[in-house]
>>> print(open('start.cif').read())   # mmCIF, C-alpha atoms and all ligand atoms
data_upload
loop_
_atom_site.label_atom_id
_atom_site.label_comp_id
_atom_site.auth_asym_id
_atom_site.auth_seq_id
_atom_site.Cartn_x
_atom_site.Cartn_y
_atom_site.Cartn_z
CA MET S 19 1.31 -5.43 39.99
CA SER S 20 3.06 -2.17 40.81
CA TYR S 21 2.87 1.13 39.06
CA ARG S 22 6.26 0.41 37.50
CA HIS S 23 5.00 -2.88 36.08
CA PHE S 24 2.06 -1.13 34.55
CA GLN S 25 4.38 1.29 32.88
CA ILE S 26 6.38 -1.55 31.37
CA VAL S 27 3.24 -3.31 30.16
CA LEU S 28 2.09 -0.05 28.60
CA VAL S 29 5.31 0.36 26.68
CA LEU S 30 5.20 -3.24 25.49
CA ILE S 31 1.64 -2.90 24.29
CA ALA S 32 2.47 0.35 22.52
CA MET S 33 5.34 -1.39 20.75
CA ALA S 34 3.13 -4.27 19.67
CA VAL S 35 0.38 -1.98 18.40
CA ALA S 36 2.69 0.28 16.40
CA ASN S 37 3.02 -1.76 13.23
CA PRO S 38 6.65 -2.65 12.58
CA ALA S 39 7.81 -1.36 9.20
CA THR S 40 7.63 -4.06 6.54
CA GLY S 41 10.33 -2.53 4.37
CA LYS S 42 13.50 -4.48 3.78
CA GLY S 43 15.91 -1.55 3.41
CA GLY S 44 18.71 -1.76 0.88
CA ASP S 45 18.45 0.43 -2.19
CA LEU S 46 14.69 0.49 -2.14
CA ASP S 47 12.75 3.71 -2.12
CA HIS S 48 10.66 4.21 0.95
CA ALA S 49 6.90 3.85 0.45
CA ASN S 50 5.22 6.05 2.98
CA THR S 51 1.96 4.09 3.04
CA ASN S 52 -1.01 4.75 5.28
CA VAL S 53 -3.60 1.96 5.14
CA HIS S 54 -6.13 4.18 6.94
CA ASP S 55 -6.25 6.58 4.00
CA LYS S 56 -9.54 5.46 2.41
CA ALA S 57 -9.20 7.69 -0.64
CA ALA S 58 -5.75 6.22 -1.38
CA LEU S 59 -7.15 2.70 -0.95
CA GLN S 60 -10.01 3.43 -3.34
CA ARG S 61 -7.68 4.81 -5.99
CA GLY S 62 -5.33 1.87 -5.46
CA ALA S 63 -8.17 -0.62 -5.80
CA SER S 64 -9.28 0.98 -9.04
CA LEU S 65 -5.75 0.84 -10.49
CA PHE S 66 -5.46 -2.76 -9.35
CA VAL S 67 -8.61 -4.04 -11.04
CA ASN S 68 -7.87 -2.10 -14.22
CA TYR S 69 -4.19 -2.84 -14.65
CA CYS S 70 -3.29 -5.90 -12.60
CA MET S 71 -6.22 -8.29 -12.37
CA GLY S 72 -5.86 -9.22 -16.01
CA CYS S 73 -3.06 -11.47 -14.77
CA HIS S 74 -3.07 -11.51 -10.95
CA SER S 75 -5.60 -12.63 -8.36
CA VAL S 76 -5.92 -11.70 -4.73
CA GLN S 77 -7.57 -14.96 -3.85
CA PHE S 78 -8.46 -14.24 -0.21
CA MET S 79 -10.27 -10.98 -0.87
CA ARG S 80 -13.96 -10.66 -1.70
CA TYR S 81 -15.36 -7.58 -3.43
CA GLN S 82 -17.91 -7.30 -0.65
CA ARG S 83 -15.21 -7.02 2.01
CA LEU S 84 -13.51 -4.36 -0.10
CA ALA S 85 -16.77 -2.42 -0.28
CA ASP S 86 -17.21 -2.54 3.50
CA ASP S 87 -13.63 -1.66 4.38
CA LEU S 88 -13.24 1.09 1.80
CA GLY S 89 -16.60 2.67 2.50
CA LEU S 90 -18.03 1.98 -0.97
CA THR S 91 -21.63 1.13 -1.75
CA GLU S 92 -22.41 -2.14 -3.47
CA GLU S 93 -23.40 -0.19 -6.59
CA GLN S 94 -20.05 1.58 -6.67
CA VAL S 95 -18.22 -1.71 -6.35
CA GLU S 96 -20.27 -3.25 -9.14
CA GLU S 97 -19.82 -0.21 -11.35
CA PHE S 98 -16.13 0.51 -10.82
CA LEU S 99 -14.44 -2.60 -9.55
CA ILE S 100 -16.13 -5.74 -10.83
CA MET S 101 -15.21 -6.42 -14.42
CA GLY S 102 -17.52 -8.61 -16.47
CA ASP S 103 -20.38 -10.44 -14.77
CA GLY S 104 -18.89 -11.01 -11.32
CA GLU S 105 -20.83 -10.51 -8.10
CA ALA S 106 -20.07 -8.74 -4.84
CA GLY S 107 -19.66 -12.03 -2.98
CA ASP S 108 -16.97 -13.29 -5.39
CA TYR S 109 -13.30 -13.56 -4.57
CA MET S 110 -11.06 -11.26 -6.61
CA LEU S 111 -9.76 -13.79 -9.13
CA THR S 112 -8.16 -13.11 -12.45
CA ALA S 113 -9.93 -14.32 -15.56
CA MET S 114 -6.61 -15.47 -16.98
CA ASP S 115 -6.08 -19.17 -17.37
CA ALA S 116 -2.99 -20.34 -15.47
CA SER S 117 -1.66 -22.55 -18.25
CA ASP S 118 -2.15 -19.82 -20.89
CA ALA S 119 -0.24 -17.49 -18.61
CA GLU S 120 2.58 -19.95 -18.34
CA ASP S 121 2.75 -20.22 -22.13
CA TRP S 122 2.87 -16.45 -22.50
CA PHE S 123 5.13 -15.40 -19.65
CA GLY S 124 7.03 -18.59 -18.81
CA VAL S 125 5.64 -18.43 -15.27
CA THR S 126 2.16 -18.10 -13.85
CA PRO S 127 1.70 -14.58 -12.46
CA PRO S 128 1.71 -15.13 -8.69
CA ASP S 129 -1.29 -14.46 -6.48
CA LEU S 130 -0.69 -11.07 -4.87
CA SER S 131 -2.65 -11.57 -1.63
CA LEU S 132 0.42 -11.81 0.56
CA THR S 133 3.10 -10.12 -1.53
CA ALA S 134 3.11 -6.98 0.60
CA ARG S 135 4.09 -9.20 3.52
CA SER S 136 6.64 -11.39 1.74
CA ARG S 137 8.33 -8.62 -0.22
CA GLY S 138 7.45 -5.56 1.83
CA SER S 139 5.85 -2.30 0.72
CA ASP S 140 9.14 -0.62 -0.20
CA TRP S 141 9.97 -3.47 -2.57
CA ILE S 142 6.61 -3.26 -4.37
CA TYR S 143 6.76 0.53 -4.59
CA SER S 144 10.29 0.43 -6.02
CA PHE S 145 9.47 -2.46 -8.36
CA LEU S 146 6.46 -0.68 -9.89
CA ARG S 147 8.56 2.43 -10.53
CA GLY S 148 11.72 0.59 -11.53
CA TYR S 149 11.04 -0.48 -15.13
CA TYR S 150 13.40 0.68 -17.88
CA LEU S 151 13.70 -0.18 -21.55
CA THR S 152 16.84 -1.78 -22.96
CA ASP S 153 17.68 -3.07 -26.43
CA ASP S 154 16.49 -6.49 -25.21
CA GLY S 155 13.17 -5.28 -23.84
CA TRP S 156 12.01 -4.31 -20.34
CA ASN S 157 14.19 -4.71 -17.34
CA ASN S 158 13.69 -3.65 -13.73
CA THR S 159 16.00 -2.30 -11.05
CA VAL S 160 14.43 -4.45 -8.32
CA LEU S 161 13.54 -7.69 -10.14
CA GLU S 162 16.10 -8.44 -12.83
CA ASN S 163 14.71 -9.62 -16.16
CA PRO S 164 11.13 -9.83 -14.89
CA ALA S 165 8.63 -12.10 -16.61
CA MET S 166 6.10 -9.32 -16.06
CA PRO S 167 6.02 -6.69 -18.83
CA HIS S 168 5.81 -2.99 -17.89
CA VAL S 169 2.02 -2.87 -17.88
CA LEU S 170 1.94 0.77 -16.76
CA TRP S 171 4.27 2.21 -19.38
CA ASP S 172 1.58 4.34 -20.98
CA LEU S 173 1.09 6.05 -17.59
CA GLN S 174 4.75 6.33 -16.61
CA GLY S 175 6.35 6.75 -20.03
CA ILE S 176 9.59 5.07 -20.97
CA GLN S 177 12.58 5.18 -18.66
CA ARG S 178 16.15 4.37 -19.70
CA ALA S 179 19.00 3.43 -17.44
CA VAL S 180 22.06 5.54 -16.82
CA THR S 181 24.85 3.02 -16.30
CA GLU S 182 28.46 3.00 -15.20
CA THR S 183 31.20 0.42 -15.65
CA TYR S 184 33.10 -0.90 -12.68
CA THR S 185 35.52 -3.72 -11.95
CA ASP S 186 34.23 -6.40 -9.60
CA ASP S 187 36.23 -8.38 -7.01
CA GLU S 188 37.43 -10.85 -9.62
CA GLY S 189 38.72 -8.11 -11.89
CA GLN S 190 35.83 -8.44 -14.35
CA GLU S 191 34.43 -5.32 -16.02
CA ARG S 192 30.73 -4.98 -15.34
CA THR S 193 28.04 -2.36 -15.77
CA ARG S 194 25.49 -1.30 -13.23
CA VAL S 195 22.50 0.99 -13.23
CA VAL S 196 23.14 4.28 -11.46
CA SER S 197 19.82 5.96 -12.09
CA LEU S 198 16.82 5.99 -14.39
CA GLU S 199 15.78 8.87 -16.58
CA LEU S 200 12.58 9.51 -18.44
CA ASP S 201 13.14 9.16 -22.17
CA GLN S 202 9.56 9.46 -23.32
CA GLU S 203 6.79 11.07 -21.30
CA GLY S 204 3.77 9.10 -20.22
CA ARG S 205 0.21 10.20 -19.52
CA MET S 206 1.16 11.04 -15.94
CA SER S 207 3.86 13.36 -14.65
CA PRO S 208 6.58 11.53 -12.67
CA ARG S 209 5.12 13.00 -9.49
CA ASP S 210 1.59 11.82 -10.23
CA PHE S 211 2.88 8.42 -11.25
CA ASP S 212 4.74 8.08 -7.94
CA LYS S 213 1.56 9.00 -6.09
CA ALA S 214 -0.45 6.46 -8.07
CA MET S 215 2.12 3.77 -7.25
CA LEU S 216 1.93 4.72 -3.60
CA ASP S 217 -1.86 4.22 -3.76
CA LEU S 218 -1.39 0.86 -5.44
CA THR S 219 1.18 -0.20 -2.85
CA THR S 220 -1.14 0.93 -0.06
CA PHE S 221 -3.89 -1.17 -1.55
CA MET S 222 -1.63 -4.22 -1.70
CA GLU S 223 -0.60 -3.67 1.89
CA TYR S 224 -4.24 -3.55 2.94
CA VAL S 225 -5.04 -6.70 0.94
CA ALA S 226 -2.22 -8.55 2.68
CA GLU S 227 -3.69 -7.71 6.08
CA PRO S 228 -7.24 -6.37 5.93
CA ALA S 229 -7.67 -6.96 9.66
CA ALA S 230 -5.05 -4.29 10.35
CA LEU S 231 -7.75 -1.67 9.85
CA GLN S 232 -9.83 -3.08 12.71
CA ARG S 233 -6.97 -4.23 14.91
CA GLU S 234 -5.33 -0.84 15.08
CA ARG S 235 -8.62 0.78 15.91
CA LEU S 236 -9.00 -1.71 18.76
CA GLY S 237 -5.41 -1.01 19.85
CA ILE S 238 -6.30 2.57 20.70
CA TRP S 239 -9.02 1.39 23.07
CA VAL S 240 -6.66 -1.08 24.69
CA LEU S 241 -4.19 1.74 25.29
CA LEU S 242 -6.83 4.05 26.72
CA PHE S 243 -8.07 1.30 29.00
CA LEU S 244 -4.57 0.53 30.22
CA GLY S 245 -3.93 4.22 30.74
CA LEU S 246 -7.00 4.46 32.95
CA LEU S 247 -5.98 1.34 34.85
CA THR S 248 -2.52 2.78 35.42
CA PHE S 249 -4.01 5.94 36.80
CA LEU S 250 -6.26 4.03 39.20
CA ALA S 251 -3.38 1.85 40.31
CA TYR S 252 -1.35 4.95 40.97
CA LEU S 253 -4.08 6.46 43.13
CA LEU S 254 -4.34 3.23 45.06
CA TYR S 255 -0.58 3.17 45.53
CA LYS S 256 -0.61 6.68 46.94
CA GLU S 257 -3.49 5.76 49.21
CA TYR S 258 -1.67 2.71 50.64
CA TRP S 259 1.57 4.49 51.31
CA LYS S 260 0.08 7.69 52.60
CA ASP S 261 0.10 6.50 56.23
CA VAL S 262 3.35 4.57 56.04
CA LYS S 263 5.62 7.45 55.00
C1 LIG N 1 0.43 -9.26 -18.40
C2 LIG N 1 0.34 -9.96 -17.15
C3 LIG N 1 0.63 -9.16 -15.90
C4 LIG N 1 0.01 -8.00 -15.50
C5 LIG N 1 -1.09 -7.22 -16.20
C6 LIG N 1 0.58 -7.65 -14.22
N1 LIG N 1 1.50 -8.57 -13.85
FE1 LIG N 1 2.57 -8.60 -12.13
N2 LIG N 1 3.53 -10.28 -12.71
C7 LIG N 1 3.31 -10.95 -13.88
C8 LIG N 1 4.25 -12.06 -13.98
C9 LIG N 1 4.35 -13.05 -15.13
C10 LIG N 1 5.02 -12.03 -12.79
C11 LIG N 1 6.17 -12.95 -12.39
C12 LIG N 1 7.45 -12.18 -12.62
C13 LIG N 1 8.70 -12.95 -12.42
O1 LIG N 1 8.71 -13.82 -11.55
O2 LIG N 1 9.69 -12.68 -13.13
C14 LIG N 1 4.54 -10.89 -12.01
C15 LIG N 1 5.06 -10.52 -10.80
C16 LIG N 1 4.60 -9.48 -10.02
C17 LIG N 1 5.10 -9.12 -8.73
C18 LIG N 1 6.23 -9.81 -7.98
C19 LIG N 1 5.69 -10.85 -7.07
C20 LIG N 1 6.80 -11.54 -6.36
O3 LIG N 1 6.74 -11.64 -5.15
O4 LIG N 1 7.74 -11.98 -7.03
C21 LIG N 1 4.38 -8.05 -8.28
C22 LIG N 1 4.53 -7.29 -6.96
C23 LIG N 1 3.44 -7.73 -9.32
N3 LIG N 1 3.58 -8.61 -10.35
C24 LIG N 1 2.54 -6.69 -9.25
C25 LIG N 1 1.72 -6.32 -10.28
C26 LIG N 1 0.86 -5.14 -10.23
C27 LIG N 1 0.73 -4.21 -9.04
C28 LIG N 1 0.24 -5.09 -11.43
C29 LIG N 1 -0.71 -4.01 -11.89
C30 LIG N 1 -0.12 -2.70 -12.03
C31 LIG N 1 0.67 -6.23 -12.22
N4 LIG N 1 1.57 -6.95 -11.49
C32 LIG N 1 0.21 -6.53 -13.50
C33 LIG N 1 2.39 -10.64 -14.85
C34 LIG N 1 1.56 -9.52 -14.84
#
>>> encode(input="start.cif", output="structure tokens")
Amino acid sequence: MSYRHFQIVLVLIAMAVANPATGKGGDLDHANTNVHDKAALQRGASLFVNYCMGCHSVQFMRYQRLADDLGLTEEQVEEFLIMGDGEAGDYMLTAMDASDAEDWFGVTPPDLSLTARSRGSDWIYSFLRGYYLTDDGWNNTVLENPAMPHVLWDLQGIQRAVTETYTDDEGQERTRVVSLELDQEGRMSPRDFDKAMLDLTTFMEYVAEPAALQRERLGIWVLLFLGLLTFLAYLLYKEYWKDVK
């Protein structure tokens, strides 16, 4: 393998290691997540168990794994994250009965283990911030007429939609949401709420791929190793050609 080949391999590896963005573009707001931010993950985990696990599970995640990855002691996990009489070895399952949930919401709240992969972080971040109140109840800019109520309204406050009318391709008059404005303040300022939703999104991204924490750490070593190899190959190359030129 020549020096040039090594360079190409290096670039390829670098591209594979740099995590491709999961966002799906469109009108979504960009969630600038960083799964290596342990403090953000801890805050996100706390929000998740307090506000989401009443209905949703993350069935592939154990509390113990969370403790290890987030740098929490077992006592901290038991005190802050495990509701009721669960144990560290348990999977993070909701206490809600699936058929009750179906009666109440019309659908069973989906397991959220892989949602950050299927929907993307930008989608989740926009969804959590996109609730607004109409005369018919809650709606959402990202998921129209969601079966999920706005469970964080006391934190965010109540948003209303600013709409405009337009004529569609078939000549029909329709309305669309242009922006959302805060009608009634919540316990958090809009800025703090956005930050909290970023933490929650970060947590969901981590849950969808816990191994990313280790893999990326390994990736750095792979790069360093390849860098060293490239350097040695280069020296060898110079050595070989020294007498020829
Ligand atoms: C009161 C029960 C309930 C609570 C609490 C709840 N959800 Fe939901 N959630 C639902 C239901 C029901 C759906 C299905 C919505 C639909 O399909 O219209 C849903 C859907 C979702 C989805 C969309 C999944 C997908 O791919 O379609 C996400 C993301 C989500 N919830 C995140 C959260 C987060 C984060 C929290 C905590 C802040 C939370 N939920 C709290 C009931 C709940």
>>> residues_near_ligand(input="start.cif", ligand="ligand LIG 1 (chain N)", cutoff="7 Å", atoms="all atoms listed in the file", output="compact mmCIF listing (two decimals) with C-alpha atoms, in the frame of the given file")
# COMPACT_ATOMS: atom_id res chain seq x y z
CA LEU S 65 -5.75 0.84 -10.49
CA PHE S 66 -5.46 -2.76 -9.35
CA TYR S 69 -4.19 -2.84 -14.65
CA CYS S 70 -3.29 -5.90 -12.60
CA MET S 71 -6.22 -8.29 -12.37
CA GLY S 72 -5.86 -9.22 -16.01
CA CYS S 73 -3.06 -11.47 -14.77
CA HIS S 74 -3.07 -11.51 -10.95
CA PHE S 123 5.13 -15.40 -19.65
CA VAL S 125 5.64 -18.43 -15.27
CA THR S 126 2.16 -18.10 -13.85
CA PRO S 127 1.70 -14.58 -12.46
CA PRO S 128 1.71 -15.13 -8.69
CA LEU S 130 -0.69 -11.07 -4.87
CA THR S 133 3.10 -10.12 -1.53
CA SER S 136 6.64 -11.39 1.74
CA ARG S 137 8.33 -8.62 -0.22
CA ILE S 142 6.61 -3.26 -4.37
CA LEU S 146 6.46 -0.68 -9.89
CA LEU S 161 13.54 -7.69 -10.14
CA ASN S 163 14.71 -9.62 -16.16
CA PRO S 164 11.13 -9.83 -14.89
CA ALA S 165 8.63 -12.10 -16.61
CA MET S 166 6.10 -9.32 -16.06
CA PRO S 167 6.02 -6.69 -18.83
CA VAL S 169 2.02 -2.87 -17.88
CA LEU S 170 1.94 0.77 -16.76
CA LEU S 218 -1.39 0.86 -5.44
>>> closest_atom_pairs(input="start.cif", of="stretch 65-105 of chain S", to="stretch 226-233 of chain S", cutoff="10 Å", atoms="all atoms listed in the file", output="Markdown table")
| residue | atom | partner | partner_atom | distance |
| --- | --- | --- | --- | --- |
| S:Val76 | CA | S:Ala226 | CA | 8.9 |
| S:Phe78 | CA | S:Ala226 | CA | 8.9 |
| S:Met79 | CA | S:Pro228 | CA | 8.8 |
| S:Arg83 | CA | S:Pro228 | CA | 8.9 |
| S:Leu84 | CA | S:Pro228 | CA | 8.9 |
| S:Asp87 | CA | S:Leu231 | CA | 8.0 |
>>> write_last_selection(input="start.cif", atoms="C-alpha atoms", output="PDB file, in the frame of the given file")
ATOM      1  CA  VAL S  76      -5.920 -11.700  -4.730  1.00  0.00           C
ATOM      2  CA  PHE S  78      -8.460 -14.240  -0.210  1.00  0.00           C
ATOM      3  CA  MET S  79     -10.270 -10.980  -0.870  1.00  0.00           C
ATOM      4  CA  ARG S  83     -15.210  -7.020   2.010  1.00  0.00           C
ATOM      5  CA  LEU S  84     -13.510  -4.360  -0.100  1.00  0.00           C
ATOM      6  CA  ASP S  87     -13.630  -1.660   4.380  1.00  0.00           C
TER       7      ASP S  87
END
>>> residues_around(input="start.cif", residues="S:Tyr252", least_positions_apart="3", cutoff="10 Å", atoms="all atoms listed in the file", output="ChimeraX atom specification")
/S:20-22,24,246-249,255-258
>>> closest_residue(input="start.cif", among="S:Val27, S:Thr193, S:Leu244, S:Glu223", to="S:Ser139", atoms="only C-alpha atoms")
S:Glu223
>>> closest_residue(input="start.cif", among="S:Leu132, S:Asn158, S:Asp140, S:Gln174", to="S:Asp210", atoms="all atoms listed in the file")
S:Gln174
>>> atom_distance(input="start.cif", atom1="atom CA of S:Arg194", atom2="atom CA of S:Glu182")
5.6 Å
>>> closest_residue(input="start.cif", among="S:Thr91, S:Gln82, S:Asn68, S:Gly124", to="S:Gly104", atoms="all atoms listed in the file")
S:Gln82
>>> atom_distance(input="start.cif", atom1="atom CA of S:Val160", atom2="atom CA of S:Val195")
10.9 Å
>>> atom_distance(input="start.cif", atom1="atom CA of S:Glu234", atom2="atom CA of S:Leu250")
24.6 Å
>>> decode(input="start.cif", residues="stretch 153-257 of chain S", atoms="C-alpha atoms", output="PDB file, in the first residue's frame")
ATOM      1  CA  ASP S 153     -60.119  25.577  20.433  1.00  0.00           C
ATOM      2  CA  ASP S 154     -60.110  21.802  19.873  1.00  0.00           C
ATOM      3  CA  GLY S 155     -57.247  21.065  22.243  1.00  0.00           C
ATOM      4  CA  TRP S 156     -53.509  20.525  21.709  1.00  0.00           C
ATOM      5  CA  ASN S 157     -51.981  20.394  18.303  1.00  0.00           C
ATOM      6  CA  ASN S 158     -48.362  20.197  17.199  1.00  0.00           C
ATOM      7  CA  THR S 159     -46.412  21.720  14.321  1.00  0.00           C
ATOM      8  CA  VAL S 160     -44.479  18.498  13.669  1.00  0.00           C
ATOM      9  CA  LEU S 161     -47.032  15.754  14.428  1.00  0.00           C
ATOM     10  CA  GLU S 162     -50.512  16.888  13.464  1.00  0.00           C
ATOM     11  CA  ASN S 163     -53.265  16.080  15.959  1.00  0.00           C
ATOM     12  CA  PRO S 164     -50.986  14.025  18.203  1.00  0.00           C
ATOM     13  CA  ALA S 165     -52.457  11.397  20.505  1.00  0.00           C
ATOM     14  CA  MET S 166     -49.903  12.563  23.065  1.00  0.00           C
ATOM     15  CA  PRO S 167     -51.062  15.483  25.230  1.00  0.00           C
ATOM     16  CA  HIS S 168     -48.648  18.357  25.934  1.00  0.00           C
ATOM     17  CA  VAL S 169     -47.206  16.813  29.080  1.00  0.00           C
ATOM     18  CA  LEU S 170     -44.710  19.646  29.577  1.00  0.00           C
ATOM     19  CA  TRP S 171     -47.125  22.554  29.361  1.00  0.00           C
ATOM     20  CA  ASP S 172     -46.576  23.621  32.947  1.00  0.00           C
ATOM     21  CA  LEU S 173     -42.868  24.053  32.121  1.00  0.00           C
ATOM     22  CA  GLN S 174     -43.271  25.647  28.704  1.00  0.00           C
ATOM     23  CA  GLY S 175     -46.514  27.553  29.210  1.00  0.00           C
ATOM     24  CA  ILE S 176     -49.190  27.742  26.556  1.00  0.00           C
ATOM     25  CA  GLN S 177     -48.326  28.576  22.974  1.00  0.00           C
ATOM     26  CA  ARG S 178     -50.834  29.688  20.339  1.00  0.00           C
ATOM     27  CA  ALA S 179     -50.401  29.557  16.610  1.00  0.00           C
ATOM     28  CA  VAL S 180     -50.119  32.572  14.361  1.00  0.00           C
ATOM     29  CA  THR S 181     -51.762  31.475  11.122  1.00  0.00           C
ATOM     30  CA  GLU S 182     -52.182  32.764   7.601  1.00  0.00           C
ATOM     31  CA  THR S 183     -54.645  31.841   4.873  1.00  0.00           C
ATOM     32  CA  TYR S 184     -53.436  30.793   1.461  1.00  0.00           C
ATOM     33  CA  THR S 185     -54.900  29.228  -1.654  1.00  0.00           C
ATOM     34  CA  ASP S 186     -53.617  25.764  -2.501  1.00  0.00           C
ATOM     35  CA  ASP S 187     -53.026  24.285  -5.979  1.00  0.00           C
ATOM     36  CA  GLU S 188     -56.671  23.310  -6.331  1.00  0.00           C
ATOM     37  CA  GLY S 189     -57.880  26.810  -5.509  1.00  0.00           C
ATOM     38  CA  GLN S 190     -58.999  25.870  -1.989  1.00  0.00           C
ATOM     39  CA  GLU S 191     -58.555  28.372   0.840  1.00  0.00           C
ATOM     40  CA  ARG S 192     -56.489  26.882   3.640  1.00  0.00           C
ATOM     41  CA  THR S 193     -54.760  28.082   6.773  1.00  0.00           C
ATOM     42  CA  ARG S 194     -51.276  27.261   7.884  1.00  0.00           C
ATOM     43  CA  VAL S 195     -49.214  27.935  10.969  1.00  0.00           C
ATOM     44  CA  VAL S 196     -46.599  30.623  10.448  1.00  0.00           C
ATOM     45  CA  SER S 197     -45.193  30.785  13.954  1.00  0.00           C
ATOM     46  CA  LEU S 198     -45.992  30.070  17.574  1.00  0.00           C
ATOM     47  CA  GLU S 199     -46.209  32.650  20.311  1.00  0.00           C
ATOM     48  CA  LEU S 200     -46.317  32.266  24.049  1.00  0.00           C
ATOM     49  CA  ASP S 201     -49.765  33.134  25.354  1.00  0.00           C
ATOM     50  CA  GLN S 202     -49.277  32.111  28.957  1.00  0.00           C
ATOM     51  CA  GLU S 203     -45.910  31.796  30.652  1.00  0.00           C
ATOM     52  CA  GLY S 204     -44.742  28.509  32.069  1.00  0.00           C
ATOM     53  CA  ARG S 205     -42.395  27.734  34.940  1.00  0.00           C
ATOM     54  CA  MET S 206     -39.411  27.992  32.593  1.00  0.00           C
ATOM     55  CA  SER S 207     -38.362  30.855  30.358  1.00  0.00           C
ATOM     56  CA  PRO S 208     -38.480  29.976  26.637  1.00  0.00           C
ATOM     57  CA  ARG S 209     -34.689  29.826  26.646  1.00  0.00           C
ATOM     58  CA  ASP S 210     -34.512  27.441  29.590  1.00  0.00           C
ATOM     59  CA  PHE S 211     -37.257  25.314  28.116  1.00  0.00           C
ATOM     60  CA  ASP S 212     -35.333  25.018  24.845  1.00  0.00           C
ATOM     61  CA  LYS S 213     -32.245  23.969  26.781  1.00  0.00           C
ATOM     62  CA  ALA S 214     -34.229  21.377  28.735  1.00  0.00           C
ATOM     63  CA  MET S 215     -35.622  19.974  25.476  1.00  0.00           C
ATOM     64  CA  LEU S 216     -32.118  19.807  24.067  1.00  0.00           C
ATOM     65  CA  ASP S 217     -31.080  17.762  27.121  1.00  0.00           C
ATOM     66  CA  LEU S 218     -34.061  15.474  26.673  1.00  0.00           C
ATOM     67  CA  THR S 219     -33.300  15.043  22.971  1.00  0.00           C
ATOM     68  CA  THR S 220     -29.662  14.320  23.788  1.00  0.00           C
ATOM     69  CA  PHE S 221     -30.776  11.665  26.229  1.00  0.00           C
ATOM     70  CA  MET S 222     -33.015  10.053  23.612  1.00  0.00           C
ATOM     71  CA  GLU S 223     -30.174  10.093  21.119  1.00  0.00           C
ATOM     72  CA  TYR S 224     -27.920   8.346  23.621  1.00  0.00           C
ATOM     73  CA  VAL S 225     -30.612   5.761  24.422  1.00  0.00           C
ATOM     74  CA  ALA S 226     -30.983   4.964  20.724  1.00  0.00           C
ATOM     75  CA  GLU S 227     -27.274   4.214  20.462  1.00  0.00           C
ATOM     76  CA  PRO S 228     -25.536   3.862  23.822  1.00  0.00           C
ATOM     77  CA  ALA S 229     -22.527   2.243  22.151  1.00  0.00           C
ATOM     78  CA  ALA S 230     -21.792   5.528  20.374  1.00  0.00           C
ATOM     79  CA  LEU S 231     -20.115   6.736  23.559  1.00  0.00           C
ATOM     80  CA  GLN S 232     -17.574   3.903  23.456  1.00  0.00           C
ATOM     81  CA  ARG S 233     -17.275   3.613  19.690  1.00  0.00           C
ATOM     82  CA  GLU S 234     -16.306   7.220  19.168  1.00  0.00           C
ATOM     83  CA  ARG S 235     -13.733   6.981  21.899  1.00  0.00           C
ATOM     84  CA  LEU S 236     -12.282   3.956  20.112  1.00  0.00           C
ATOM     85  CA  GLY S 237     -12.395   5.860  16.808  1.00  0.00           C
ATOM     86  CA  ILE S 238      -9.853   8.362  18.085  1.00  0.00           C
ATOM     87  CA  TRP S 239      -7.381   5.569  18.815  1.00  0.00           C
ATOM     88  CA  VAL S 240      -7.951   4.057  15.390  1.00  0.00           C
ATOM     89  CA  LEU S 241      -7.167   7.426  13.826  1.00  0.00           C
ATOM     90  CA  LEU S 242      -4.045   7.919  15.912  1.00  0.00           C
ATOM     91  CA  PHE S 243      -2.856   4.437  15.040  1.00  0.00           C
ATOM     92  CA  LEU S 244      -3.442   4.998  11.344  1.00  0.00           C
ATOM     93  CA  GLY S 245      -1.691   8.344  11.556  1.00  0.00           C
ATOM     94  CA  LEU S 246       1.363   6.668  13.044  1.00  0.00           C
ATOM     95  CA  LEU S 247       1.250   3.948  10.406  1.00  0.00           C
ATOM     96  CA  THR S 248       1.060   6.558   7.664  1.00  0.00           C
ATOM     97  CA  PHE S 249       4.092   8.302   9.060  1.00  0.00           C
ATOM     98  CA  LEU S 250       6.100   5.069   9.187  1.00  0.00           C
ATOM     99  CA  ALA S 251       5.043   4.173   5.675  1.00  0.00           C
ATOM    100  CA  TYR S 252       6.151   7.576   4.514  1.00  0.00           C
ATOM    101  CA  LEU S 253       9.584   7.161   6.090  1.00  0.00           C
ATOM    102  CA  LEU S 254       9.915   3.769   4.460  1.00  0.00           C
ATOM    103  CA  TYR S 255       8.903   5.243   1.116  1.00  0.00           C
ATOM    104  CA  LYS S 256      11.568   7.924   1.385  1.00  0.00           C
ATOM    105  CA  GLU S 257      14.114   5.306   2.368  1.00  0.00           C
TER     106      GLU S 257
END
